[in-house]
Amino acid sequence: MTTSREEAEKRAEQFFKHDYHDRGMLKWAGYFLSDHTSALKQNKKDEAPEKLLAPQPLNEVSRLLADAWQHHLNVHLQLNQLQESEIIESITGMVIGFYDNTIGIQVSDEKINNIELDEIRNVTLLND
């Protein structure tokens with residue numbers, strides 16, 4: 001009985017060494033239905049890039065951020081940075097403090113972004 005088991009193991013080893021070719025991700029392609037694929041493509045189309053807002057002078061940016069901080073308002077910031085080629089970088093959150101030329105924006109319960117004032121292109125106050 002051990003000889004037939006040994007032979008089977010040798011055949012399996014031979015098969016996986018020389019005959020079997022893993023197709024990688026191709027073998028999973030059948031799991032994506034055409035409906036699912038078309039829905040994913042439609043979602044990609046719906047994600048339109050954010051409209052580029054006019055740059056604001058530094059004193060206006062500072063004033064709006066101070067108002068947001070005093071009145072506990074959320075803000076939407078467009079930064080002077082591009083993300084993924086031509087999409088403007090933006091952050092939405094609550095101003096939680098100032099230090100020199102840096103502001104702290106709380107974007108979630110656990111995440112705070114520190115942003116230099118000169119990196120901000122535009123501030124929009126949100127009423128929510």
# chains A, B, ... in the order shown; residues from 1 in each chain; ligands from 1
$ closest_atom_pairs --of "stretch 66-118 of chain A" --to "stretch 50-62 of chain A" --cutoff "10 Å" --atoms "only C-alpha atoms" --output "tab-separated table"
residue	atom	partner	partner_atom	distance
A:Ala66	CA	A:Ser62	CA	6.1
A:Asp67	CA	A:Ser62	CA	8.6
A:Ala68	CA	A:Ser62	CA	9.9
A:Leu77	CA	A:Val61	CA	9.6
A:Gln78	CA	A:Leu53	CA	7.6
A:Leu79	CA	A:Pro55	CA	9.4
A:Asn80	CA	A:Pro55	CA	8.9
A:Ile87	CA	A:Glu50	CA	7.2
A:Ile88	CA	A:Glu50	CA	7.0
A:Glu89	CA	A:Glu50	CA	9.0
A:Ser90	CA	A:Glu50	CA	8.7
A:Asn101	CA	A:Ser62	CA	9.5
A:Ile103	CA	A:Ser62	CA	9.7
A:Leu117	CA	A:Leu58	CA	7.4
A:Asp118	CA	A:Leu58	CA	7.1
$ select_by_dssp --residues "stretch 61-119 of chain A" --states "strand (DSSP E)" --output "ChimeraX atom specification"
/A:74-83,87-99,102-106,112-116
$ residues_around --residues "A:Val107" --least-positions-apart "5" --cutoff "10 Å" --atoms "only C-alpha atoms" --output "list in words"
Asn74, Val75, Ile91, Thr92, Gly93, Met94, Val95, Ile112 and Asn113 of chain A
$ atom_distance --atom1 "atom CA of A:Arg63" --atom2 "atom CA of A:Pro49"
27.2 Å
